[in-house]
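Data file: data11.txt. Format and content: compact mmCIF, N, CA and C atoms.
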```
# COMPACT_ATOMS: atom_id res chain seq x y z
N MET A 1 -1.05 13.04 -11.72
CA MET A 1 -0.51 13.09 -10.36
C MET A 1 -1.39 12.26 -9.42
N ILE A 2 -0.76 11.52 -8.56
CA ILE A 2 -1.49 10.70 -7.59
C ILE A 2 -1.72 11.53 -6.34
N GLN A 3 -2.96 11.62 -5.94
CA GLN A 3 -3.34 12.47 -4.82
C GLN A 3 -3.49 11.63 -3.55
N SER A 4 -2.82 12.04 -2.49
CA SER A 4 -3.02 11.36 -1.21
C SER A 4 -4.28 11.93 -0.55
N ASN A 5 -4.75 11.23 0.45
CA ASN A 5 -5.98 11.61 1.14
C ASN A 5 -5.63 11.99 2.58
N PRO A 6 -5.43 13.29 2.86
CA PRO A 6 -5.00 13.71 4.21
C PRO A 6 -5.92 13.25 5.33
N ASP A 7 -7.24 13.24 5.08
CA ASP A 7 -8.17 12.80 6.13
C ASP A 7 -7.95 11.33 6.47
N GLN A 8 -7.66 10.52 5.46
CA GLN A 8 -7.44 9.10 5.72
C GLN A 8 -6.10 8.86 6.40
N PHE A 9 -5.10 9.69 6.11
CA PHE A 9 -3.83 9.58 6.84
C PHE A 9 -4.03 9.91 8.31
N LYS A 10 -4.88 10.88 8.61
CA LYS A 10 -5.20 11.20 10.01
C LYS A 10 -5.92 10.02 10.66
N ALA A 11 -6.88 9.44 9.93
CA ALA A 11 -7.60 8.28 10.46
C ALA A 11 -6.64 7.12 10.71
N LEU A 12 -5.68 6.92 9.82
CA LEU A 12 -4.68 5.87 9.98
C LEU A 12 -3.87 6.11 11.26
N LYS A 13 -3.46 7.34 11.45
CA LYS A 13 -2.65 7.70 12.63
C LYS A 13 -3.41 7.47 13.93
N HIS A 14 -4.72 7.76 13.91
CA HIS A 14 -5.51 7.69 15.14
C HIS A 14 -6.29 6.37 15.29
N ASN A 15 -6.11 5.45 14.37
CA ASN A 15 -6.77 4.16 14.48
C ASN A 15 -6.24 3.44 15.73
N PRO A 16 -7.13 2.97 16.61
CA PRO A 16 -6.67 2.35 17.85
C PRO A 16 -6.05 0.96 17.67
N ASN A 17 -6.21 0.34 16.51
CA ASN A 17 -5.64 -0.98 16.28
C ASN A 17 -4.12 -0.83 16.16
N ASP A 18 -3.40 -1.38 17.13
CA ASP A 18 -1.94 -1.26 17.11
C ASP A 18 -1.26 -2.55 16.66
N GLY A 19 -2.06 -3.46 16.08
CA GLY A 19 -1.51 -4.71 15.57
C GLY A 19 -1.03 -4.57 14.13
N PRO A 20 -0.63 -5.68 13.53
CA PRO A 20 -0.14 -5.65 12.16
C PRO A 20 -1.19 -5.11 11.19
N VAL A 21 -0.69 -4.45 10.16
CA VAL A 21 -1.55 -3.91 9.11
C VAL A 21 -0.95 -4.30 7.77
N VAL A 22 -1.81 -4.63 6.83
CA VAL A 22 -1.37 -4.97 5.47
C VAL A 22 -1.77 -3.82 4.55
N MET A 23 -0.82 -3.37 3.77
CA MET A 23 -1.08 -2.30 2.80
C MET A 23 -1.30 -2.93 1.43
N LEU A 24 -2.49 -2.72 0.88
CA LEU A 24 -2.83 -3.18 -0.45
C LEU A 24 -2.46 -2.09 -1.44
N ASN A 25 -1.59 -2.42 -2.37
CA ASN A 25 -1.15 -1.50 -3.42
C ASN A 25 -1.69 -1.99 -4.76
N LEU A 26 -2.40 -1.13 -5.48
CA LEU A 26 -2.80 -1.38 -6.86
C LEU A 26 -2.14 -0.30 -7.70
N LEU A 27 -1.43 -0.70 -8.75
CA LEU A 27 -0.63 0.25 -9.51
C LEU A 27 -0.84 0.13 -11.00
N LYS A 28 -0.95 1.27 -11.64
CA LYS A 28 -0.96 1.38 -13.10
C LYS A 28 0.21 2.28 -13.45
N PHE A 29 1.13 1.77 -14.26
CA PHE A 29 2.36 2.51 -14.56
C PHE A 29 2.19 3.46 -15.74
N LYS A 30 2.96 4.53 -15.68
CA LYS A 30 3.01 5.45 -16.81
C LYS A 30 3.71 4.75 -17.97
N PRO A 31 3.27 5.07 -19.20
CA PRO A 31 3.99 4.50 -20.35
C PRO A 31 5.40 5.06 -20.42
N ASP A 32 6.24 4.41 -21.15
CA ASP A 32 7.61 4.90 -21.38
C ASP A 32 8.42 5.05 -20.10
N GLY A 33 8.62 3.93 -19.41
CA GLY A 33 9.54 3.93 -18.29
C GLY A 33 8.94 3.84 -16.90
N GLY A 34 7.63 3.85 -16.78
CA GLY A 34 7.01 3.79 -15.46
C GLY A 34 7.34 2.51 -14.71
N PHE A 35 7.27 1.39 -15.42
CA PHE A 35 7.57 0.11 -14.80
C PHE A 35 9.01 0.07 -14.29
N GLU A 36 9.95 0.49 -15.13
CA GLU A 36 11.36 0.48 -14.74
C GLU A 36 11.62 1.42 -13.56
N THR A 37 10.97 2.56 -13.57
CA THR A 37 11.12 3.50 -12.45
C THR A 37 10.56 2.91 -11.17
N TYR A 38 9.44 2.16 -11.28
CA TYR A 38 8.87 1.54 -10.09
C TYR A 38 9.78 0.44 -9.55
N LEU A 39 10.41 -0.31 -10.44
CA LEU A 39 11.37 -1.32 -9.98
C LEU A 39 12.51 -0.66 -9.19
N GLN A 40 12.97 0.47 -9.67
CA GLN A 40 14.01 1.21 -8.94
C GLN A 40 13.49 1.65 -7.57
N TYR A 41 12.24 2.14 -7.53
CA TYR A 41 11.63 2.53 -6.26
C TYR A 41 11.59 1.33 -5.31
N MET A 42 11.16 0.17 -5.81
CA MET A 42 11.06 -1.01 -4.94
C MET A 42 12.43 -1.39 -4.38
N GLN A 43 13.45 -1.35 -5.21
CA GLN A 43 14.79 -1.71 -4.75
C GLN A 43 15.29 -0.72 -3.70
N GLU A 44 15.07 0.56 -3.94
CA GLU A 44 15.60 1.58 -3.02
C GLU A 44 14.76 1.73 -1.75
N SER A 45 13.47 1.43 -1.83
CA SER A 45 12.61 1.59 -0.65
C SER A 45 12.64 0.39 0.27
N ASN A 46 13.11 -0.75 -0.22
CA ASN A 46 13.07 -1.97 0.57
C ASN A 46 13.77 -1.83 1.92
N LYS A 47 14.90 -1.12 1.96
CA LYS A 47 15.61 -0.99 3.24
C LYS A 47 14.78 -0.21 4.27
N TYR A 48 13.93 0.70 3.81
CA TYR A 48 13.08 1.45 4.74
C TYR A 48 11.91 0.59 5.21
N VAL A 49 11.36 -0.19 4.29
CA VAL A 49 10.28 -1.12 4.66
C VAL A 49 10.81 -2.11 5.71
N GLU A 50 11.93 -2.76 5.40
CA GLU A 50 12.50 -3.74 6.34
C GLU A 50 12.99 -3.07 7.62
N GLY A 51 13.42 -1.83 7.51
CA GLY A 51 13.93 -1.10 8.68
C GLY A 51 12.90 -0.88 9.77
N VAL A 52 11.61 -0.89 9.40
CA VAL A 52 10.55 -0.74 10.41
C VAL A 52 9.84 -2.08 10.66
N GLY A 53 10.40 -3.16 10.11
CA GLY A 53 9.83 -4.49 10.34
C GLY A 53 8.81 -4.91 9.30
N GLY A 54 8.71 -4.17 8.19
CA GLY A 54 7.76 -4.52 7.14
C GLY A 54 8.30 -5.59 6.22
N LYS A 55 7.39 -6.24 5.48
CA LYS A 55 7.80 -7.26 4.51
C LYS A 55 6.71 -7.42 3.45
N MET A 56 7.16 -7.65 2.22
CA MET A 56 6.21 -7.95 1.16
C MET A 56 5.71 -9.36 1.36
N ILE A 57 4.38 -9.53 1.36
CA ILE A 57 3.83 -10.87 1.55
C ILE A 57 3.18 -11.41 0.28
N PHE A 58 2.95 -10.54 -0.71
CA PHE A 58 2.41 -11.01 -1.99
C PHE A 58 2.70 -9.97 -3.06
N LEU A 59 3.06 -10.46 -4.24
CA LEU A 59 3.28 -9.62 -5.40
C LEU A 59 2.65 -10.33 -6.58
N GLY A 60 1.80 -9.63 -7.33
CA GLY A 60 1.12 -10.29 -8.43
C GLY A 60 0.82 -9.36 -9.59
N LYS A 61 0.62 -9.97 -10.75
CA LYS A 61 0.24 -9.25 -11.94
C LYS A 61 -1.23 -9.53 -12.22
N PRO A 62 -2.10 -8.53 -12.09
CA PRO A 62 -3.52 -8.74 -12.41
C PRO A 62 -3.69 -9.11 -13.88
N ASN A 63 -4.51 -10.08 -14.14
CA ASN A 63 -4.74 -10.53 -15.51
C ASN A 63 -6.19 -10.33 -15.90
N GLU A 64 -6.98 -11.39 -15.86
CA GLU A 64 -8.36 -11.31 -16.32
C GLU A 64 -9.20 -10.48 -15.35
N LEU A 65 -9.80 -9.42 -15.86
CA LEU A 65 -10.66 -8.55 -15.06
C LEU A 65 -12.10 -9.06 -15.21
N LEU A 66 -12.59 -9.73 -14.19
CA LEU A 66 -13.90 -10.38 -14.27
C LEU A 66 -15.04 -9.48 -13.81
N TYR A 67 -14.76 -8.51 -12.97
CA TYR A 67 -15.76 -7.54 -12.53
C TYR A 67 -15.10 -6.17 -12.51
N GLY A 68 -15.85 -5.14 -12.81
CA GLY A 68 -15.33 -3.78 -12.74
C GLY A 68 -14.69 -3.35 -14.05
N ASP A 69 -14.11 -2.15 -14.02
CA ASP A 69 -13.50 -1.62 -15.23
C ASP A 69 -12.14 -0.97 -15.00
N GLU A 70 -11.61 -1.05 -13.79
CA GLU A 70 -10.27 -0.53 -13.49
C GLU A 70 -9.25 -1.62 -13.78
N THR A 71 -8.27 -1.31 -14.60
CA THR A 71 -7.20 -2.26 -14.86
C THR A 71 -5.93 -1.80 -14.15
N TRP A 72 -5.15 -2.78 -13.72
CA TRP A 72 -3.93 -2.50 -12.96
C TRP A 72 -2.79 -3.32 -13.52
N ASP A 73 -1.58 -2.80 -13.37
CA ASP A 73 -0.39 -3.50 -13.84
C ASP A 73 0.25 -4.37 -12.76
N LEU A 74 0.05 -4.00 -11.50
CA LEU A 74 0.71 -4.70 -10.41
C LEU A 74 -0.14 -4.59 -9.14
N MET A 75 -0.17 -5.69 -8.37
CA MET A 75 -0.83 -5.71 -7.08
C MET A 75 0.17 -6.23 -6.06
N MET A 76 0.24 -5.55 -4.93
CA MET A 76 1.23 -5.92 -3.92
C MET A 76 0.60 -5.79 -2.54
N LEU A 77 0.94 -6.73 -1.67
CA LEU A 77 0.55 -6.67 -0.26
C LEU A 77 1.82 -6.57 0.57
N VAL A 78 1.90 -5.53 1.40
CA VAL A 78 3.06 -5.33 2.27
C VAL A 78 2.55 -5.24 3.70
N GLN A 79 3.10 -6.08 4.56
CA GLN A 79 2.68 -6.11 5.96
C GLN A 79 3.67 -5.31 6.81
N TYR A 80 3.10 -4.52 7.71
CA TYR A 80 3.89 -3.75 8.68
C TYR A 80 3.47 -4.18 10.08
N PRO A 81 4.37 -4.08 11.05
CA PRO A 81 4.02 -4.48 12.42
C PRO A 81 2.87 -3.66 13.01
N SER A 82 2.72 -2.42 12.52
CA SER A 82 1.66 -1.54 13.03
C SER A 82 1.51 -0.35 12.09
N ARG A 83 0.43 0.37 12.26
CA ARG A 83 0.24 1.62 11.52
C ARG A 83 1.32 2.63 11.89
N ALA A 84 1.68 2.63 13.16
CA ALA A 84 2.72 3.57 13.61
C ALA A 84 4.04 3.32 12.88
N LYS A 85 4.38 2.05 12.67
CA LYS A 85 5.63 1.73 11.96
C LYS A 85 5.54 2.16 10.49
N PHE A 86 4.38 1.95 9.87
CA PHE A 86 4.20 2.41 8.50
C PHE A 86 4.37 3.93 8.42
N LEU A 87 3.77 4.65 9.36
CA LEU A 87 3.87 6.12 9.36
C LEU A 87 5.30 6.57 9.68
N GLU A 88 5.98 5.83 10.54
CA GLU A 88 7.39 6.15 10.84
C GLU A 88 8.20 6.11 9.55
N MET A 89 8.00 5.05 8.78
CA MET A 89 8.72 4.93 7.51
C MET A 89 8.30 6.04 6.56
N SER A 90 7.00 6.27 6.43
CA SER A 90 6.48 7.26 5.49
C SER A 90 6.98 8.67 5.78
N ASN A 91 7.29 8.96 7.03
CA ASN A 91 7.74 10.29 7.42
C ASN A 91 9.26 10.43 7.49
N ASN A 92 9.98 9.35 7.19
CA ASN A 92 11.44 9.38 7.18
C ASN A 92 11.89 10.24 5.99
N PRO A 93 12.65 11.30 6.24
CA PRO A 93 13.08 12.18 5.15
C PRO A 93 13.82 11.45 4.02
N ASP A 94 14.61 10.44 4.34
CA ASP A 94 15.30 9.69 3.30
C ASP A 94 14.33 8.86 2.48
N TYR A 95 13.32 8.28 3.13
CA TYR A 95 12.30 7.53 2.39
C TYR A 95 11.49 8.48 1.50
N ILE A 96 11.17 9.65 1.99
CA ILE A 96 10.38 10.60 1.20
C ILE A 96 11.08 10.92 -0.12
N LYS A 97 12.40 11.02 -0.10
CA LYS A 97 13.16 11.25 -1.34
C LYS A 97 12.99 10.07 -2.30
N VAL A 98 13.07 8.86 -1.78
CA VAL A 98 12.91 7.67 -2.61
C VAL A 98 11.47 7.57 -3.12
N HIS A 99 10.51 7.99 -2.30
CA HIS A 99 9.10 7.92 -2.67
C HIS A 99 8.79 8.72 -3.94
N GLU A 100 9.61 9.70 -4.24
CA GLU A 100 9.42 10.48 -5.46
C GLU A 100 9.48 9.57 -6.70
N LEU A 101 10.25 8.50 -6.63
CA LEU A 101 10.30 7.54 -7.74
C LEU A 101 8.94 6.89 -7.96
N ARG A 102 8.25 6.56 -6.87
CA ARG A 102 6.92 5.96 -6.97
C ARG A 102 5.97 6.91 -7.68
N GLU A 103 6.04 8.18 -7.29
CA GLU A 103 5.16 9.17 -7.90
C GLU A 103 5.47 9.36 -9.39
N LYS A 104 6.74 9.27 -9.76
CA LYS A 104 7.14 9.39 -11.17
C LYS A 104 6.70 8.17 -11.97
N ALA A 105 6.62 7.02 -11.34
CA ALA A 105 6.35 5.77 -12.03
C ALA A 105 4.87 5.51 -12.27
N ALA A 106 4.04 5.91 -11.33
CA ALA A 106 2.63 5.49 -11.36
C ALA A 106 1.73 6.52 -12.03
N GLU A 107 0.92 6.00 -12.96
CA GLU A 107 -0.11 6.81 -13.58
C GLU A 107 -1.30 6.94 -12.63
N LYS A 108 -1.63 5.83 -11.98
CA LYS A 108 -2.65 5.84 -10.93
C LYS A 108 -2.30 4.76 -9.92
N ALA A 109 -2.79 4.95 -8.71
CA ALA A 109 -2.48 4.01 -7.64
C ALA A 109 -3.57 4.05 -6.59
N VAL A 110 -3.74 2.92 -5.94
CA VAL A 110 -4.63 2.79 -4.79
C VAL A 110 -3.80 2.20 -3.67
N LEU A 111 -3.93 2.75 -2.48
CA LEU A 111 -3.24 2.22 -1.30
C LEU A 111 -4.26 2.14 -0.17
N TYR A 112 -4.53 0.92 0.26
CA TYR A 112 -5.48 0.67 1.35
C TYR A 112 -4.75 0.07 2.54
N ALA A 113 -5.06 0.53 3.74
CA ALA A 113 -4.62 -0.12 4.97
C ALA A 113 -5.69 -1.15 5.33
N ILE A 114 -5.27 -2.39 5.52
CA ILE A 114 -6.22 -3.48 5.71
C ILE A 114 -5.93 -4.21 7.01
N ASP A 115 -6.99 -4.44 7.78
CA ASP A 115 -6.89 -5.24 9.00
C ASP A 115 -7.44 -6.63 8.72
N GLN A 116 -6.78 -7.64 9.23
CA GLN A 116 -7.29 -9.00 9.11
C GLN A 116 -8.50 -9.14 10.01
N ILE A 117 -9.49 -9.85 9.52
CA ILE A 117 -10.67 -10.14 10.34
C ILE A 117 -10.92 -11.64 10.33
N ARG A 118 -11.63 -12.09 11.32
CA ARG A 118 -12.00 -13.50 11.38
C ARG A 118 -13.37 -13.68 10.72
N PHE A 119 -13.55 -14.82 10.09
CA PHE A 119 -14.81 -15.09 9.40
C PHE A 119 -15.99 -15.00 10.37
N ARG A 120 -15.83 -15.52 11.56
CA ARG A 120 -16.95 -15.49 12.52
C ARG A 120 -17.32 -14.06 12.89
N ASP A 121 -16.33 -13.14 12.90
CA ASP A 121 -16.65 -11.74 13.17
C ASP A 121 -17.37 -11.11 11.99
N LEU A 122 -17.00 -11.52 10.80
CA LEU A 122 -17.68 -11.04 9.59
C LEU A 122 -19.13 -11.48 9.60
N VAL A 123 -19.36 -12.73 9.91
CA VAL A 123 -20.71 -13.27 9.93
C VAL A 123 -21.56 -12.60 11.01
N SER A 124 -20.95 -12.31 12.14
CA SER A 124 -21.71 -11.71 13.24
C SER A 124 -21.76 -10.18 13.16
N GLN A 125 -21.18 -9.61 12.11
CA GLN A 125 -21.16 -8.17 11.87
C GLN A 125 -20.25 -7.41 12.83
N ASN A 126 -19.41 -8.10 13.60
CA ASN A 126 -18.50 -7.41 14.51
C ASN A 126 -17.36 -6.72 13.79
N PHE A 127 -17.15 -7.03 12.52
CA PHE A 127 -16.02 -6.44 11.80
C PHE A 127 -16.21 -4.95 11.59
N GLN A 128 -17.41 -4.44 11.67
CA GLN A 128 -17.66 -3.02 11.44
C GLN A 128 -17.34 -2.17 12.66
N LYS A 129 -17.08 -2.79 13.78
CA LYS A 129 -16.83 -2.04 15.01
C LYS A 129 -15.40 -1.66 15.15
```

As structure tokens, what does this structure read like?
Amino acid sequence: MIQSNPDQFKALKHNPNDGPVVMLNLLKFKPDGGFETYLQYMQESNKYVEGVGGKMIFLGKPNELLYGDETWDLMMLVQYPSRAKFLEMSNNPDYIKVHELREKAAEKAVLYAIDQIRFRDLVSQNFQK
């Protein structure tokens, strides 16, 4: 079972950044049908993603693992206009029903909310603020 992190959902809700956010998805599918179930989830959830202004900006298959020991079957980046829009979608009762497919499909998953930063802010350490 994939466990959500309630404290991080609260932090997401209260994050003052109201600009676009990219959700990084790392997925490992269950054997015997996980991939197919996830494809069904992607097809059925797309209308909810687009309904709040979200869009997939990258989809990839991880291959050579050069560092670390976690292997993944799929990596996806989905951009939303804001954290509020992502949460609006996540709390939609119809989306929640579709989300059950994701839970059935994935053996393990990572979902990160990511803010774009500028290189000069990274160099000057302003990205931590």

Could you work out an axis-aligned bounding box for all listed atoms of segment 59-69 of chain A, with 6 Å added on each of the six sides, and give its centre and edge lengths in Å to one decimal, as JSON?
```
{"center_x": -6.3, "center_y": -6.2, "center_z": -10.3, "size_x": 31.1, "size_y": 22.4, "size_z": 24.1}
```

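For the pair atom C of Val98 of chain A and atom C of Asn17 of chain A, the separation is 26.2 Å.
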
Record the distance separating atom N of Val49 of chain A and atom CA of Met89 of chain A, expressed in Å with one decimal.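 Spanning atom N of Val49 of chain A to atom CA of Met89 of chain A is a straight-line distance of 6.6 Å.
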
Contacts of Trp72 of chain A within 6 Å, only N, CA and C atoms, excl. fewer than 2 positions in-chain, as a list of chain:residue names: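 Residues meeting the cut-off are A:Leu26, A:Leu27, A:Lys28, A:Pro62, A:Glu70, A:Leu74.
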
Restrict the selected residues to N, CA and C atoms and save them as a PDB file, in the coordinates of the input.
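Written output follows (result_27.pdb):
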```
ATOM      1  N   LEU A  26      -2.400  -1.130  -5.480  1.00  0.00           N
ATOM      2  CA  LEU A  26      -2.800  -1.380  -6.860  1.00  0.00           C
ATOM      3  C   LEU A  26      -2.140  -0.300  -7.700  1.00  0.00           C
ATOM      4  N   LEU A  27      -1.430  -0.700  -8.750  1.00  0.00           N
ATOM      5  CA  LEU A  27      -0.630   0.250  -9.510  1.00  0.00           C
ATOM      6  C   LEU A  27      -0.840   0.130 -11.000  1.00  0.00           C
ATOM      7  N   LYS A  28      -0.950   1.270 -11.640  1.00  0.00           N
ATOM      8  CA  LYS A  28      -0.960   1.380 -13.100  1.00  0.00           C
ATOM      9  C   LYS A  28       0.210   2.280 -13.450  1.00  0.00           C
ATOM     10  N   PRO A  62      -2.100  -8.530 -12.090  1.00  0.00           N
ATOM     11  CA  PRO A  62      -3.520  -8.740 -12.410  1.00  0.00           C
ATOM     12  C   PRO A  62      -3.690  -9.110 -13.880  1.00  0.00           C
ATOM     13  N   GLU A  70     -11.610  -1.050 -13.790  1.00  0.00           N
ATOM     14  CA  GLU A  70     -10.270  -0.530 -13.490  1.00  0.00           C
ATOM     15  C   GLU A  70      -9.250  -1.620 -13.780  1.00  0.00           C
ATOM     16  N   LEU A  74       0.050  -4.000 -11.500  1.00  0.00           N
ATOM     17  CA  LEU A  74       0.710  -4.700 -10.410  1.00  0.00           C
ATOM     18  C   LEU A  74      -0.140  -4.590  -9.140  1.00  0.00           C
TER      19      LEU A  74
END
```

Please identify the strand (DSSP E or B) residues within chain A (assignment by DSSP from backbone atoms) and present them as an mmCIF file with N, CA and C atoms, in the coordinates of the input.
```
data_model
loop_
_atom_site.group_PDB
_atom_site.id
_atom_site.type_symbol
_atom_site.label_atom_id
_atom_site.label_comp_id
_atom_site.auth_asym_id
_atom_site.auth_seq_id
_atom_site.Cartn_x
_atom_site.Cartn_y
_atom_site.Cartn_z
ATOM 1 N N VAL A 21 -0.690 -4.450 10.160
ATOM 2 C CA VAL A 21 -1.550 -3.910 9.110
ATOM 3 C C VAL A 21 -0.950 -4.300 7.770
ATOM 4 N N VAL A 22 -1.810 -4.630 6.830
ATOM 5 C CA VAL A 22 -1.370 -4.970 5.470
ATOM 6 C C VAL A 22 -1.770 -3.820 4.550
ATOM 7 N N MET A 23 -0.820 -3.370 3.770
ATOM 8 C CA MET A 23 -1.080 -2.300 2.800
ATOM 9 C C MET A 23 -1.300 -2.930 1.430
ATOM 10 N N LEU A 24 -2.490 -2.720 0.880
ATOM 11 C CA LEU A 24 -2.830 -3.180 -0.450
ATOM 12 C C LEU A 24 -2.460 -2.090 -1.440
ATOM 13 N N ASN A 25 -1.590 -2.420 -2.370
ATOM 14 C CA ASN A 25 -1.150 -1.500 -3.420
ATOM 15 C C ASN A 25 -1.690 -1.990 -4.760
ATOM 16 N N LEU A 26 -2.400 -1.130 -5.480
ATOM 17 C CA LEU A 26 -2.800 -1.380 -6.860
ATOM 18 C C LEU A 26 -2.140 -0.300 -7.700
ATOM 19 N N LEU A 27 -1.430 -0.700 -8.750
ATOM 20 C CA LEU A 27 -0.630 0.250 -9.510
ATOM 21 C C LEU A 27 -0.840 0.130 -11.000
ATOM 22 N N LYS A 28 -0.950 1.270 -11.640
ATOM 23 C CA LYS A 28 -0.960 1.380 -13.100
ATOM 24 C C LYS A 28 0.210 2.280 -13.450
ATOM 25 N N PHE A 29 1.130 1.770 -14.260
ATOM 26 C CA PHE A 29 2.360 2.510 -14.560
ATOM 27 C C PHE A 29 2.190 3.460 -15.740
ATOM 28 N N LYS A 55 7.390 -6.240 5.480
ATOM 29 C CA LYS A 55 7.800 -7.260 4.510
ATOM 30 C C LYS A 55 6.710 -7.420 3.450
ATOM 31 N N MET A 56 7.160 -7.650 2.220
ATOM 32 C CA MET A 56 6.210 -7.950 1.160
ATOM 33 C C MET A 56 5.710 -9.360 1.360
ATOM 34 N N ILE A 57 4.380 -9.530 1.360
ATOM 35 C CA ILE A 57 3.830 -10.870 1.550
ATOM 36 C C ILE A 57 3.180 -11.410 0.280
ATOM 37 N N PHE A 58 2.950 -10.540 -0.710
ATOM 38 C CA PHE A 58 2.410 -11.010 -1.990
ATOM 39 C C PHE A 58 2.700 -9.970 -3.060
ATOM 40 N N LEU A 59 3.060 -10.460 -4.240
ATOM 41 C CA LEU A 59 3.280 -9.620 -5.400
ATOM 42 C C LEU A 59 2.650 -10.330 -6.580
ATOM 43 N N GLY A 60 1.800 -9.630 -7.330
ATOM 44 C CA GLY A 60 1.120 -10.290 -8.430
ATOM 45 C C GLY A 60 0.820 -9.360 -9.590
ATOM 46 N N LEU A 74 0.050 -4.000 -11.500
ATOM 47 C CA LEU A 74 0.710 -4.700 -10.410
ATOM 48 C C LEU A 74 -0.140 -4.590 -9.140
ATOM 49 N N MET A 75 -0.170 -5.690 -8.370
ATOM 50 C CA MET A 75 -0.830 -5.710 -7.080
ATOM 51 C C MET A 75 0.170 -6.230 -6.060
ATOM 52 N N MET A 76 0.240 -5.550 -4.930
ATOM 53 C CA MET A 76 1.230 -5.920 -3.920
ATOM 54 C C MET A 76 0.600 -5.790 -2.540
ATOM 55 N N LEU A 77 0.940 -6.730 -1.670
ATOM 56 C CA LEU A 77 0.550 -6.670 -0.260
ATOM 57 C C LEU A 77 1.820 -6.570 0.570
ATOM 58 N N VAL A 78 1.900 -5.530 1.400
ATOM 59 C CA VAL A 78 3.060 -5.330 2.270
ATOM 60 C C VAL A 78 2.550 -5.240 3.700
ATOM 61 N N GLN A 79 3.100 -6.080 4.560
ATOM 62 C CA GLN A 79 2.680 -6.110 5.960
ATOM 63 C C GLN A 79 3.670 -5.310 6.810
ATOM 64 N N TYR A 80 3.100 -4.520 7.710
ATOM 65 C CA TYR A 80 3.890 -3.750 8.680
ATOM 66 C C TYR A 80 3.470 -4.180 10.080
ATOM 67 N N ALA A 106 4.040 5.910 -11.330
ATOM 68 C CA ALA A 106 2.630 5.490 -11.360
ATOM 69 C C ALA A 106 1.730 6.520 -12.030
ATOM 70 N N GLU A 107 0.920 6.000 -12.960
ATOM 71 C CA GLU A 107 -0.110 6.810 -13.580
ATOM 72 C C GLU A 107 -1.300 6.940 -12.630
ATOM 73 N N LYS A 108 -1.630 5.830 -11.980
ATOM 74 C CA LYS A 108 -2.650 5.840 -10.930
ATOM 75 C C LYS A 108 -2.300 4.760 -9.920
ATOM 76 N N ALA A 109 -2.790 4.950 -8.710
ATOM 77 C CA ALA A 109 -2.480 4.010 -7.640
ATOM 78 C C ALA A 109 -3.570 4.050 -6.590
ATOM 79 N N VAL A 110 -3.740 2.920 -5.940
ATOM 80 C CA VAL A 110 -4.630 2.790 -4.790
ATOM 81 C C VAL A 110 -3.800 2.200 -3.670
ATOM 82 N N LEU A 111 -3.930 2.750 -2.480
ATOM 83 C CA LEU A 111 -3.240 2.220 -1.300
ATOM 84 C C LEU A 111 -4.260 2.140 -0.170
ATOM 85 N N TYR A 112 -4.530 0.920 0.260
ATOM 86 C CA TYR A 112 -5.480 0.670 1.350
ATOM 87 C C TYR A 112 -4.750 0.070 2.540
ATOM 88 N N ALA A 113 -5.060 0.530 3.740
ATOM 89 C CA ALA A 113 -4.620 -0.120 4.970
ATOM 90 C C ALA A 113 -5.690 -1.150 5.330
ATOM 91 N N ILE A 114 -5.270 -2.390 5.520
ATOM 92 C CA ILE A 114 -6.220 -3.480 5.710
ATOM 93 C C ILE A 114 -5.930 -4.210 7.010
#
```

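Residue nearest Leu77 of chain A, chosen from A:Asn46, A:Ser124, A:Asn25, A:Ser4 and counting all atoms listed in the file: A:Asn25.
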
Gln8 of chain A proximity check over A:Thr71, A:Asp121, A:Ala113, A:Lys47, using only C-alpha atoms: winner is A:Ala113

For the alpha helix (DSSP H) assignment from backbone DSSP, which residues of segment 27-60 of chain A qualify? Please present them as a list in words.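 Secondary structure check on segment 27-60 of chain A, alpha helix (DSSP H): Gly34, Phe35, Glu36, Thr37, Tyr38, Leu39, Gln40, Tyr41, Met42, Gln43, Glu44, Ser45, Asn46, Lys47, Tyr48, Val49, Glu50 and Gly51 of chain A.
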
Find, counting all atoms listed in the file, the residue in A:Arg118, A:Lys85, A:Leu39, A:Val110 that gets nearest to Gly51 of chain A.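 Of the candidates, the smallest distance to Gly51 of chain A is held by A:Lys85.
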
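You will find atom C of Asp69 of chain A at 19.1 Å from atom C of Tyr112 of chain A.
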
Counting only C-alpha atoms, write as an MDAnalysis selection string all protein and nucleic acid residues lying at most 12 Å from (-1.4, 4.0, 1.5) in the file's frame. chainID A and resid 2:6 8:13 21:27 76:80 83 86:87 89:90 99 109:114

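With all atoms listed in the file as the basis for measurement, A:Ser82 is the residue among A:Asn92, A:Glu107, A:Ser82, A:Asp115 that approaches Gly19 of chain A most closely.
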
Lys104 of chain A proximity check over A:Pro31, A:Gly60, A:Gly68, A:Pro81, using only C-alpha atoms: winner is A:Pro31
